[in-house]
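K.L.:
To start, I am sharing the structure in question, which I have written as structure tokens.
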Amino acid sequence: MRHFRHLAPDVQRTLFHRDPTEFGPTSPLRTLASALGATLYSPATRPRLADDVLRQADRGVVSMVLCLEDSIDDGEVAEAEENLVRQLARLDRLTAEGDAAGDGGPLLLFIRVRHPEQIPDLVKRLGPAVRLLAGFVLPKFTAVTGLPFLEALADTGTVDTGTGGGRRLLAMPVLESPELLHLETRAETLAGIARAVDEHRQRVLALRLGVTDLCSAYGLRRTPEMTAYDVQLVASVIGDVVNVLGRADGTGFTVTGPVWEYFRLQERMFKPQLRQSPFLSGRAEELRTALIEHDMDGLLREIEMDRANGLLGKTCIHPSHVAPVHALSVVTHEEYSDATDVLRPERDGGGVLRSAYTNKMNEVKPHRAWAERTLLRGEVFGVAREGIGFVDLLSAGVR
């Protein structure tokens, strides 16, 4: 798997100073968590789920969640499980005949379950098609409710990859419970979550924020003009989650950004414009205006705020959100220049230096953790050429 693999080689050469590297289910957890990008959710009830997965992989999606929880009605669970097993068996047959044969399939696939008992049951029912799974998403996670999920996952041991080896299935807990939101229980809840995920650290890929559920506890819903950070109750939870669980000292985990709820059914209206590469046509400002007019401005601001607050990747409920998330995940040439300057071996002793772009101060010791994270992001999403910006990357990626 590789980000922007759906682009033609000549287009990639135009865009990237350093190309994105390949990764897969057996990559180091830190690399894999950084590579999740826009994780697209899909109800497990969709009748052509196997085709949906292949189509989204062809459009540049690298991680998907097939949902058996809040996205479907309570009365649909059994039917959704049967459809999921049937569709993954079909996907296994399709990929075994093509380039995606072997471990992992065309992208990183996760199943969002409701109950711990579903994990061993689905692993058994999937049979050989379990090789397509990267793991499970665990809802409404606390130390009390989450440990049974993690223990059920640990009991699965390793799964046959179809290539003569085995690997562990991974967990992505969702932090969305009222106990996390309420001030009087937040500290205790976060401490319990920290203990639980640390105990199962080798299986926990990333922690996901369930902002919609957090808002529901107070009857809140942000508008398309507002980011999650404009809702103070939610912003305070994000800050505390990163404070306890997202530290850069080796004890933390990757925390992913919250879902963006809005999309326009007419999003195809600006796709023909975006396909005309702005760095060739000089129409970048017009394209930025088109994005803002089509309700994308709030999403773009929230992605930037995610990064500024220590989050990486994003939960997505519509395919039109994927390309913006990935375009804004590419490391700019200026970021790369600053990060490599900070991490030069001769700078190990510290000090302050002016950036190569002569517009900021790079202080070696305080900026080291940022630089390491930036280069890891550049490894999986690539580094843009000098002068290549977000609109250039987005216009190339929209299909």
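Lettering and numbering for the structure tokens are positional, with chains as A, B, ... in the shown order, residues counted from 1 in each chain, and ligands counted from 1 in the shown order.
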If you take only C-alpha atoms and a cut-off of 12 Å, which residues of segment 177-269 of chain A touch segment 63-86 of chain A, and what are their nearest atom pairs and distances in Å to one decimal, in chain and number order, as CSV?
P.N.:
```
residue,atom,partner,partner_atom,distance
A:Arg208,CA,A:Val65,CA,11.9
A:Gly210,CA,A:Asp70,CA,11.2
A:Thr212,CA,A:Asp70,CA,10.8
A:Asp213,CA,A:Asp70,CA,9.9
```
K.L.:
Name all residues at most 10 Å from Thr156 of chain A (count only C-alpha atoms; drop same-chain ones fewer than 6 positions away) and give them as a list of chain:residue names.
P.N.:
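Listed by chain and then number, they are A:Ile119, A:Pro120, A:Asp121, A:Val123, A:Lys124, A:Arg168, A:Leu169.
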K.L.:
As a PyMOL selection string, list the residues of segment 130-326 of chain A assigned to strand (DSSP E or B) by DSSP on the backbone atoms of this structure.
P.N.:
chain A and resi 133-138+158-160+166-168+170-175+204+207-209+255-260+314-316
K.L.:
To one decimal in Å, tell me the separation between atom CA of Val383 of chain A and atom CA of Val331 of chain A.
P.N.:
4.7 Å
K.L.:
Which residues, written as an MDAnalysis selection string, have at least one atom at most 9 Å from Val211 of chain A, with only C-alpha atoms counted and residues fewer than 3 positions away on the same chain left out?
P.N.:
chainID A and resid 175:176 214:216 228 234 258:259
K.L.:
Using DSSP on the backbone coordinates, identify all residues within segment 42-171 of chain A classified as alpha helix (DSSP H); present the result as a compact mmCIF listing (two decimals) with all heavy atoms, in the first residue's frame.
P.N.:
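Result file selection15.txt:
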```txt
# COMPACT_ATOMS: atom_id res chain seq x y z
N LEU A 49 -20.53 -4.21 -0.96
CA LEU A 49 -19.44 -3.74 -0.10
C LEU A 49 -18.07 -4.09 -0.68
O LEU A 49 -17.14 -3.27 -0.64
CB LEU A 49 -19.60 -4.35 1.29
CG LEU A 49 -18.80 -3.75 2.43
CD1 LEU A 49 -19.10 -2.27 2.58
CD2 LEU A 49 -19.09 -4.48 3.73
N ALA A 50 -17.91 -5.28 -1.24
CA ALA A 50 -16.62 -5.68 -1.81
C ALA A 50 -16.23 -4.74 -2.95
O ALA A 50 -15.07 -4.30 -3.05
CB ALA A 50 -16.69 -7.12 -2.31
N ASP A 51 -17.19 -4.41 -3.80
CA ASP A 51 -16.91 -3.49 -4.90
C ASP A 51 -16.61 -2.08 -4.39
O ASP A 51 -15.77 -1.37 -4.93
CB ASP A 51 -18.10 -3.45 -5.87
CG ASP A 51 -18.35 -4.79 -6.51
OD1 ASP A 51 -17.40 -5.37 -7.07
OD2 ASP A 51 -19.49 -5.28 -6.45
N ASP A 52 -17.32 -1.67 -3.31
CA ASP A 52 -17.04 -0.37 -2.71
C ASP A 52 -15.60 -0.27 -2.24
O ASP A 52 -14.92 0.74 -2.45
CB ASP A 52 -17.97 -0.13 -1.52
CG ASP A 52 -19.43 0.01 -1.91
OD1 ASP A 52 -19.70 0.27 -3.10
OD2 ASP A 52 -20.29 -0.14 -1.03
N VAL A 53 -15.12 -1.32 -1.58
CA VAL A 53 -13.75 -1.31 -1.07
C VAL A 53 -12.75 -1.18 -2.21
O VAL A 53 -11.82 -0.36 -2.16
CB VAL A 53 -13.48 -2.60 -0.25
CG1 VAL A 53 -11.99 -2.73 0.08
CG2 VAL A 53 -14.31 -2.60 1.03
N LEU A 54 -12.94 -1.96 -3.26
CA LEU A 54 -12.02 -1.90 -4.40
C LEU A 54 -12.07 -0.53 -5.08
O LEU A 54 -11.03 0.01 -5.49
CB LEU A 54 -12.35 -3.00 -5.41
CG LEU A 54 -12.07 -4.43 -4.92
CD1 LEU A 54 -12.58 -5.43 -5.95
CD2 LEU A 54 -10.58 -4.63 -4.66
N ARG A 55 -13.27 0.03 -5.21
CA ARG A 55 -13.40 1.34 -5.85
C ARG A 55 -12.70 2.42 -5.03
O ARG A 55 -11.99 3.28 -5.58
CB ARG A 55 -14.88 1.67 -6.04
CG ARG A 55 -15.12 3.01 -6.73
CD ARG A 55 -16.55 3.19 -7.16
NE ARG A 55 -17.47 3.13 -6.02
CZ ARG A 55 -18.27 2.11 -5.77
NH1 ARG A 55 -18.28 1.04 -6.57
NH2 ARG A 55 -19.08 2.12 -4.72
N GLN A 56 -12.89 2.39 -3.71
CA GLN A 56 -12.25 3.41 -2.88
C GLN A 56 -10.73 3.24 -2.85
O GLN A 56 -9.99 4.23 -2.82
CB GLN A 56 -12.82 3.35 -1.46
CG GLN A 56 -14.30 3.69 -1.36
CD GLN A 56 -14.66 5.02 -2.01
OE1 GLN A 56 -13.85 5.95 -2.03
NE2 GLN A 56 -15.87 5.12 -2.54
N ALA A 57 -10.25 2.00 -2.86
CA ALA A 57 -8.80 1.78 -2.94
C ALA A 57 -8.24 2.37 -4.22
O ALA A 57 -7.16 2.97 -4.24
CB ALA A 57 -8.49 0.29 -2.85
N ASP A 58 -8.98 2.23 -5.31
CA ASP A 58 -8.55 2.76 -6.60
C ASP A 58 -8.53 4.28 -6.60
O ASP A 58 -7.81 4.90 -7.38
CB ASP A 58 -9.49 2.25 -7.69
CG ASP A 58 -9.03 2.65 -9.09
OD1 ASP A 58 -7.87 2.35 -9.43
OD2 ASP A 58 -9.83 3.28 -9.82
N VAL A 77 -28.33 -5.93 12.81
CA VAL A 77 -26.99 -6.43 13.15
C VAL A 77 -26.74 -7.81 12.55
O VAL A 77 -25.70 -8.05 11.91
CB VAL A 77 -26.78 -6.44 14.67
CG1 VAL A 77 -25.41 -7.05 15.01
CG2 VAL A 77 -26.86 -5.03 15.23
N ALA A 78 -27.63 -8.74 12.75
CA ALA A 78 -27.42 -10.11 12.25
C ALA A 78 -27.30 -10.11 10.73
O ALA A 78 -26.42 -10.77 10.16
CB ALA A 78 -28.58 -11.01 12.69
N GLU A 79 -28.17 -9.37 10.07
CA GLU A 79 -28.11 -9.28 8.61
C GLU A 79 -26.81 -8.63 8.15
O GLU A 79 -26.19 -9.06 7.17
CB GLU A 79 -29.30 -8.48 8.10
CG GLU A 79 -29.33 -8.26 6.59
CD GLU A 79 -30.44 -7.33 6.17
OE1 GLU A 79 -31.35 -7.07 6.98
OE2 GLU A 79 -30.40 -6.86 5.01
N ALA A 80 -26.38 -7.60 8.88
CA ALA A 80 -25.13 -6.91 8.52
C ALA A 80 -23.93 -7.84 8.69
O ALA A 80 -22.99 -7.81 7.88
CB ALA A 80 -24.97 -5.67 9.39
N GLU A 81 -23.91 -8.65 9.75
CA GLU A 81 -22.82 -9.61 9.94
C GLU A 81 -22.76 -10.60 8.78
O GLU A 81 -21.67 -10.89 8.26
CB GLU A 81 -23.00 -10.36 11.26
CG GLU A 81 -22.74 -9.53 12.50
CD GLU A 81 -22.94 -10.34 13.77
OE1 GLU A 81 -23.47 -11.47 13.71
OE2 GLU A 81 -22.54 -9.83 14.84
N GLU A 82 -23.92 -11.12 8.39
CA GLU A 82 -23.96 -12.07 7.28
C GLU A 82 -23.47 -11.43 6.00
O GLU A 82 -22.70 -12.04 5.23
CB GLU A 82 -25.38 -12.60 7.10
CG GLU A 82 -25.86 -13.49 8.24
CD GLU A 82 -27.32 -13.89 8.09
OE1 GLU A 82 -27.92 -13.53 7.04
OE2 GLU A 82 -27.85 -14.56 8.99
N ASN A 83 -23.89 -10.21 5.75
CA ASN A 83 -23.44 -9.50 4.55
C ASN A 83 -21.95 -9.25 4.59
O ASN A 83 -21.24 -9.40 3.58
CB ASN A 83 -24.18 -8.17 4.43
CG ASN A 83 -23.84 -7.43 3.15
OD1 ASN A 83 -24.10 -7.90 2.04
ND2 ASN A 83 -23.24 -6.26 3.29
N LEU A 84 -21.44 -8.88 5.76
CA LEU A 84 -20.02 -8.61 5.92
C LEU A 84 -19.19 -9.86 5.61
O LEU A 84 -18.19 -9.80 4.86
CB LEU A 84 -19.75 -8.12 7.33
CG LEU A 84 -18.31 -7.74 7.69
CD1 LEU A 84 -17.82 -6.61 6.81
CD2 LEU A 84 -18.23 -7.35 9.15
N VAL A 85 -19.57 -10.98 6.17
CA VAL A 85 -18.85 -12.24 5.93
C VAL A 85 -18.91 -12.61 4.45
O VAL A 85 -17.90 -12.98 3.84
CB VAL A 85 -19.44 -13.37 6.79
CG1 VAL A 85 -18.85 -14.72 6.40
CG2 VAL A 85 -19.17 -13.09 8.28
N ARG A 86 -20.07 -12.46 3.85
CA ARG A 86 -20.24 -12.79 2.44
C ARG A 86 -19.42 -11.86 1.53
O ARG A 86 -18.75 -12.31 0.60
CB ARG A 86 -21.73 -12.70 2.08
CG ARG A 86 -22.08 -13.12 0.66
CD ARG A 86 -23.57 -13.28 0.49
NE ARG A 86 -24.29 -12.04 0.82
CZ ARG A 86 -25.06 -11.87 1.90
NH1 ARG A 86 -25.19 -12.86 2.78
NH2 ARG A 86 -25.69 -10.74 2.12
N GLN A 87 -19.44 -10.58 1.83
CA GLN A 87 -18.74 -9.61 1.00
C GLN A 87 -17.22 -9.74 1.13
O GLN A 87 -16.49 -9.61 0.15
CB GLN A 87 -19.18 -8.19 1.36
CG GLN A 87 -20.62 -7.87 1.02
CD GLN A 87 -20.88 -7.82 -0.47
OE1 GLN A 87 -20.00 -7.45 -1.25
NE2 GLN A 87 -22.07 -8.21 -0.89
N LEU A 88 -16.72 -10.01 2.34
CA LEU A 88 -15.27 -10.17 2.50
C LEU A 88 -14.79 -11.46 1.84
O LEU A 88 -13.65 -11.51 1.34
CB LEU A 88 -14.89 -10.13 3.97
CG LEU A 88 -14.98 -8.75 4.63
CD1 LEU A 88 -14.48 -8.80 6.07
CD2 LEU A 88 -14.19 -7.71 3.84
N ALA A 89 -15.62 -12.49 1.83
CA ALA A 89 -15.26 -13.71 1.10
C ALA A 89 -15.14 -13.41 -0.39
O ALA A 89 -14.22 -13.89 -1.07
CB ALA A 89 -16.30 -14.80 1.35
N ARG A 90 -16.06 -12.59 -0.90
CA ARG A 90 -15.99 -12.21 -2.32
C ARG A 90 -14.77 -11.33 -2.59
O ARG A 90 -14.06 -11.52 -3.58
CB ARG A 90 -17.25 -11.45 -2.71
CG ARG A 90 -17.28 -11.02 -4.18
CD ARG A 90 -18.64 -10.49 -4.60
NE ARG A 90 -18.64 -10.18 -6.02
CZ ARG A 90 -18.31 -9.01 -6.54
NH1 ARG A 90 -17.97 -8.02 -5.73
NH2 ARG A 90 -18.29 -8.81 -7.84
N LEU A 91 -14.49 -10.41 -1.69
CA LEU A 91 -13.32 -9.55 -1.84
C LEU A 91 -12.04 -10.38 -1.81
O LEU A 91 -11.08 -10.12 -2.56
CB LEU A 91 -13.30 -8.50 -0.73
CG LEU A 91 -12.15 -7.49 -0.76
CD1 LEU A 91 -12.21 -6.65 -2.03
CD2 LEU A 91 -12.21 -6.59 0.47
N ASP A 92 -12.01 -11.40 -0.97
CA ASP A 92 -10.85 -12.29 -0.90
C ASP A 92 -10.62 -13.00 -2.23
O ASP A 92 -9.49 -13.12 -2.70
CB ASP A 92 -11.05 -13.30 0.23
CG ASP A 92 -9.81 -14.12 0.51
OD1 ASP A 92 -8.71 -13.54 0.56
OD2 ASP A 92 -9.93 -15.35 0.64
N ARG A 93 -11.71 -13.46 -2.85
CA ARG A 93 -11.58 -14.12 -4.15
C ARG A 93 -11.09 -13.14 -5.22
O ARG A 93 -10.22 -13.47 -6.04
CB ARG A 93 -12.93 -14.71 -4.57
CG ARG A 93 -13.38 -15.89 -3.73
CD ARG A 93 -14.54 -16.64 -4.38
NE ARG A 93 -15.71 -15.78 -4.55
CZ ARG A 93 -16.67 -15.63 -3.65
NH1 ARG A 93 -16.58 -16.27 -2.48
NH2 ARG A 93 -17.71 -14.86 -3.89
N LEU A 94 -11.62 -11.94 -5.20
CA LEU A 94 -11.24 -10.94 -6.21
C LEU A 94 -9.78 -10.53 -6.08
O LEU A 94 -9.06 -10.42 -7.07
CB LEU A 94 -12.14 -9.71 -6.09
CG LEU A 94 -13.60 -9.89 -6.47
CD1 LEU A 94 -14.40 -8.63 -6.12
CD2 LEU A 94 -13.74 -10.19 -7.97
N THR A 95 -9.33 -10.29 -4.85
CA THR A 95 -7.96 -9.83 -4.65
C THR A 95 -6.94 -10.95 -4.84
O THR A 95 -5.80 -10.69 -5.22
CB THR A 95 -7.79 -9.20 -3.26
OG1 THR A 95 -8.18 -10.16 -2.27
CG2 THR A 95 -8.64 -7.97 -3.12
N ALA A 96 -7.35 -12.19 -4.57
CA ALA A 96 -6.43 -13.31 -4.74
C ALA A 96 -6.04 -13.49 -6.20
O ALA A 96 -4.99 -14.05 -6.51
CB ALA A 96 -7.06 -14.60 -4.21
N GLN A 118 -18.39 -10.46 19.39
CA GLN A 118 -18.39 -10.43 17.93
C GLN A 118 -17.00 -10.66 17.35
O GLN A 118 -16.88 -11.14 16.23
CB GLN A 118 -18.95 -9.10 17.42
CG GLN A 118 -20.45 -8.93 17.60
CD GLN A 118 -20.90 -7.56 17.15
OE1 GLN A 118 -20.48 -6.54 17.69
NE2 GLN A 118 -21.76 -7.53 16.15
N ILE A 119 -15.97 -10.33 18.10
CA ILE A 119 -14.61 -10.44 17.55
C ILE A 119 -14.25 -11.89 17.25
O ILE A 119 -13.93 -12.22 16.09
CB ILE A 119 -13.60 -9.77 18.50
CG1 ILE A 119 -13.82 -8.24 18.52
CG2 ILE A 119 -12.16 -10.10 18.08
CD1 ILE A 119 -12.96 -7.49 19.50
N PRO A 120 -14.25 -12.81 18.23
CA PRO A 120 -13.90 -14.20 17.89
C PRO A 120 -14.91 -14.83 16.94
O PRO A 120 -14.54 -15.66 16.10
CB PRO A 120 -13.89 -14.91 19.25
CG PRO A 120 -14.72 -14.06 20.14
CD PRO A 120 -14.52 -12.65 19.68
N ASP A 121 -16.18 -14.44 17.06
CA ASP A 121 -17.20 -15.01 16.18
C ASP A 121 -16.93 -14.64 14.73
O ASP A 121 -16.97 -15.50 13.83
CB ASP A 121 -18.58 -14.52 16.62
CG ASP A 121 -19.69 -15.07 15.73
OD1 ASP A 121 -19.82 -16.31 15.66
OD2 ASP A 121 -20.40 -14.27 15.11
N LEU A 122 -16.63 -13.37 14.47
CA LEU A 122 -16.39 -12.94 13.09
C LEU A 122 -15.08 -13.50 12.55
O LEU A 122 -15.00 -13.87 11.37
CB LEU A 122 -16.38 -11.41 13.02
CG LEU A 122 -17.76 -10.75 13.16
CD1 LEU A 122 -17.61 -9.24 13.34
CD2 LEU A 122 -18.61 -11.05 11.93
N VAL A 123 -14.06 -13.56 13.39
CA VAL A 123 -12.78 -14.14 12.95
C VAL A 123 -13.00 -15.58 12.48
O VAL A 123 -12.48 -16.01 11.44
CB VAL A 123 -11.73 -14.07 14.08
CG1 VAL A 123 -10.52 -14.93 13.75
CG2 VAL A 123 -11.30 -12.62 14.31
N LYS A 124 -13.79 -16.33 13.25
CA LYS A 124 -14.07 -17.71 12.88
C LYS A 124 -14.89 -17.79 11.60
O LYS A 124 -14.59 -18.59 10.70
CB LYS A 124 -14.79 -18.42 14.03
CG LYS A 124 -15.12 -19.88 13.76
CD LYS A 124 -15.83 -20.52 14.95
CE LYS A 124 -16.18 -21.97 14.67
NZ LYS A 124 -16.88 -22.59 15.83
N ARG A 125 -15.93 -16.98 11.49
CA ARG A 125 -16.82 -17.03 10.34
C ARG A 125 -16.15 -16.55 9.06
O ARG A 125 -16.50 -16.99 7.96
CB ARG A 125 -18.08 -16.20 10.61
CG ARG A 125 -18.98 -16.83 11.66
CD ARG A 125 -20.01 -15.85 12.20
NE ARG A 125 -20.97 -15.42 11.17
CZ ARG A 125 -21.92 -14.52 11.40
NH1 ARG A 125 -22.04 -13.96 12.61
NH2 ARG A 125 -22.76 -14.19 10.43
N LEU A 126 -15.18 -15.67 9.17
CA LEU A 126 -14.51 -15.15 7.98
C LEU A 126 -13.60 -16.19 7.34
O LEU A 126 -13.34 -16.13 6.13
CB LEU A 126 -13.70 -13.90 8.33
CG LEU A 126 -14.52 -12.62 8.50
CD1 LEU A 126 -13.67 -11.52 9.09
CD2 LEU A 126 -15.12 -12.17 7.17
N ALA A 143 -11.86 2.01 30.52
CA ALA A 143 -11.14 0.87 31.12
C ALA A 143 -12.10 -0.27 31.44
O ALA A 143 -11.76 -1.45 31.28
CB ALA A 143 -10.41 1.33 32.38
N VAL A 144 -13.31 0.07 31.86
CA VAL A 144 -14.28 -0.96 32.24
C VAL A 144 -14.86 -1.65 31.00
O VAL A 144 -14.87 -2.88 30.91
CB VAL A 144 -15.42 -0.36 33.09
CG1 VAL A 144 -16.50 -1.40 33.37
CG2 VAL A 144 -14.86 0.19 34.40
N THR A 145 -15.34 -0.87 30.06
CA THR A 145 -15.98 -1.46 28.88
C THR A 145 -14.97 -1.94 27.85
O THR A 145 -15.27 -2.84 27.06
CB THR A 145 -16.91 -0.43 28.21
OG1 THR A 145 -16.12 0.69 27.72
CG2 THR A 145 -17.95 0.08 29.18
N GLY A 146 -13.78 -1.36 27.84
CA GLY A 146 -12.82 -1.66 26.78
C GLY A 146 -11.98 -2.89 26.97
O GLY A 146 -11.60 -3.55 26.00
N LEU A 147 -11.66 -3.21 28.23
CA LEU A 147 -10.80 -4.37 28.48
C LEU A 147 -11.36 -5.68 27.92
O LEU A 147 -10.62 -6.47 27.34
CB LEU A 147 -10.51 -4.51 29.97
CG LEU A 147 -9.30 -3.72 30.48
CD1 LEU A 147 -9.17 -3.85 31.99
CD2 LEU A 147 -8.02 -4.19 29.79
N PRO A 148 -12.66 -5.94 28.03
CA PRO A 148 -13.18 -7.18 27.42
C PRO A 148 -12.96 -7.23 25.90
O PRO A 148 -12.71 -8.31 25.35
CB PRO A 148 -14.67 -7.14 27.76
CG PRO A 148 -14.74 -6.34 29.01
CD PRO A 148 -13.69 -5.29 28.86
N PHE A 149 -13.04 -6.08 25.22
CA PHE A 149 -12.75 -6.05 23.79
C PHE A 149 -11.29 -6.41 23.54
O PHE A 149 -10.97 -7.23 22.66
CB PHE A 149 -13.03 -4.65 23.22
CG PHE A 149 -14.47 -4.33 23.00
CD1 PHE A 149 -15.17 -3.57 23.92
CD2 PHE A 149 -15.14 -4.76 21.85
CE1 PHE A 149 -16.50 -3.24 23.71
CE2 PHE A 149 -16.46 -4.45 21.64
CZ PHE A 149 -17.16 -3.69 22.57
N LEU A 150 -10.38 -5.78 24.28
CA LEU A 150 -8.95 -6.03 24.09
C LEU A 150 -8.59 -7.48 24.42
O LEU A 150 -7.75 -8.08 23.74
CB LEU A 150 -8.13 -5.07 24.94
CG LEU A 150 -8.16 -3.60 24.51
CD1 LEU A 150 -7.47 -2.72 25.54
CD2 LEU A 150 -7.51 -3.42 23.13
N GLU A 151 -9.21 -8.03 25.44
CA GLU A 151 -8.94 -9.43 25.80
C GLU A 151 -9.47 -10.38 24.75
O GLU A 151 -8.83 -11.39 24.43
CB GLU A 151 -9.54 -9.72 27.17
CG GLU A 151 -8.79 -9.01 28.31
CD GLU A 151 -9.57 -9.02 29.61
OE1 GLU A 151 -10.72 -9.51 29.60
OE2 GLU A 151 -9.03 -8.53 30.63
N ALA A 152 -10.64 -10.07 24.18
CA ALA A 152 -11.18 -10.91 23.11
C ALA A 152 -10.28 -10.86 21.89
O ALA A 152 -10.05 -11.88 21.22
CB ALA A 152 -12.59 -10.43 22.74
N LEU A 153 -9.72 -9.69 21.62
CA LEU A 153 -8.80 -9.56 20.48
C LEU A 153 -7.51 -10.32 20.75
O LEU A 153 -6.98 -11.00 19.86
CB LEU A 153 -8.52 -8.08 20.23
CG LEU A 153 -7.80 -7.72 18.94
CD1 LEU A 153 -8.58 -8.20 17.72
CD2 LEU A 153 -7.60 -6.21 18.87
N ALA A 154 -7.00 -10.23 21.98
CA ALA A 154 -5.78 -10.95 22.32
C ALA A 154 -5.98 -12.46 22.20
O ALA A 154 -5.06 -13.19 21.80
CB ALA A 154 -5.33 -10.59 23.73
N ASP A 155 -7.17 -12.93 22.51
CA ASP A 155 -7.46 -14.37 22.44
C ASP A 155 -7.47 -14.90 21.00
O ASP A 155 -7.39 -16.12 20.80
CB ASP A 155 -8.80 -14.68 23.10
CG ASP A 155 -8.73 -14.56 24.62
OD1 ASP A 155 -7.61 -14.54 25.16
OD2 ASP A 155 -9.80 -14.45 25.26
```
K.L.:
Closest to His367 of chain A among A:Met305, A:Asn243, A:Ala196, A:Glu335, using only C-alpha atoms?
P.N.:
A:Glu335
K.L.:
Write out as a short mmCIF file (atom, residue, chain, number, x, y, z; two decimals) with C-alpha atoms, in the first residue's frame each polymer residue whose atoms come within 10 Å of Pro28 of chain A, counting only C-alpha atoms; drop sequence neighbours fewer than 4 positions from it.
P.N.:
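Generated output (out-v1.cif):
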```cif
data_model
loop_
_atom_site.label_atom_id
_atom_site.label_comp_id
_atom_site.auth_asym_id
_atom_site.auth_seq_id
_atom_site.Cartn_x
_atom_site.Cartn_y
_atom_site.Cartn_z
CA PHE A 23 3.54 0.19 4.11
CA GLY A 24 1.29 -2.71 5.11
CA LEU A 32 1.12 2.26 10.27
CA ALA A 33 -0.69 4.65 12.63
CA GLN A 202 1.42 -4.04 20.98
CA LEU A 205 -2.76 1.00 16.60
#
```
K.L.:
Go ahead and compute the interatomic distance for atom CA of Glu261 of chain A and atom CA of His321 of chain A, in Å to one decimal.
P.N.:
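Going from atom CA of Glu261 of chain A over to atom CA of His321 of chain A covers 9.9 Å.
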K.L.:
At a cut-off of 9 Å, using only C-alpha atoms, what residues contact Tyr336 of chain A? Leave out same-chain residues fewer than 2 positions from it and give the result as an MDAnalysis selection string.
P.N.:
chainID A and resid 331:334 338:341 371 374:375 378 383:384
K.L.:
Grab the atom CA of Arg167 of chain A to atom CA of Leu29 of chain A distance for me, in Å with one decimal place.
P.N.:
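Distance reported for this atom pair: 12.4 Å.
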K.L.:
Here is a test: counting only C-alpha atoms, which residue of A:Gly37, A:Gly166, A:Asp249, A:Arg377 is nearest to Ile303 of chain A?
P.N.:
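Going through A:Gly37, A:Gly166, A:Asp249, A:Arg377 one by one, the smallest distance to Ile303 of chain A is for A:Gly37.
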K.L.:
Which residues are near segment 352-354 of chain A? Cut-off 10 Å, only C-alpha atoms, ignore same chain within fewer than 6 positions. Put them as a VMD selection string.
P.N.:
chain A and resid 338 341 to 342 360 to 366
K.L.:
Output N, CA, C and O atoms for every residue in that selection, as a compact mmCIF listing (two decimals), in the first residue's frame.
P.N.:
```
# COMPACT_ATOMS: atom_id res chain seq x y z
N ASP A 338 12.92 22.49 7.49
CA ASP A 338 13.08 22.79 8.92
C ASP A 338 13.36 21.53 9.73
O ASP A 338 14.23 21.51 10.60
N ASP A 341 16.87 20.18 9.17
CA ASP A 341 17.86 21.05 9.81
C ASP A 341 17.94 20.75 11.31
O ASP A 341 19.03 20.66 11.88
N VAL A 342 16.79 20.61 11.95
CA VAL A 342 16.75 20.35 13.39
C VAL A 342 17.41 19.03 13.74
O VAL A 342 18.09 18.91 14.77
N LYS A 360 11.72 31.99 10.17
CA LYS A 360 11.39 31.51 11.51
C LYS A 360 12.66 31.04 12.23
O LYS A 360 13.73 30.84 11.61
N MET A 361 12.51 30.81 13.54
CA MET A 361 13.58 30.28 14.36
C MET A 361 13.35 28.79 14.55
O MET A 361 12.25 28.35 14.87
N ASN A 362 14.37 27.99 14.34
CA ASN A 362 14.34 26.57 14.65
C ASN A 362 15.23 26.34 15.87
O ASN A 362 16.45 26.53 15.80
N GLU A 363 14.61 25.95 16.99
CA GLU A 363 15.37 25.68 18.21
C GLU A 363 15.49 24.16 18.35
O GLU A 363 14.47 23.47 18.48
N VAL A 364 16.68 23.65 18.33
CA VAL A 364 16.93 22.23 18.09
C VAL A 364 16.26 21.33 19.13
O VAL A 364 15.53 20.40 18.77
N LYS A 365 16.49 21.55 20.41
CA LYS A 365 15.94 20.64 21.42
C LYS A 365 14.42 20.72 21.53
O LYS A 365 13.75 19.68 21.50
N PRO A 366 13.82 21.89 21.65
CA PRO A 366 12.36 21.94 21.75
C PRO A 366 11.63 21.46 20.50
O PRO A 366 10.50 20.97 20.58
```
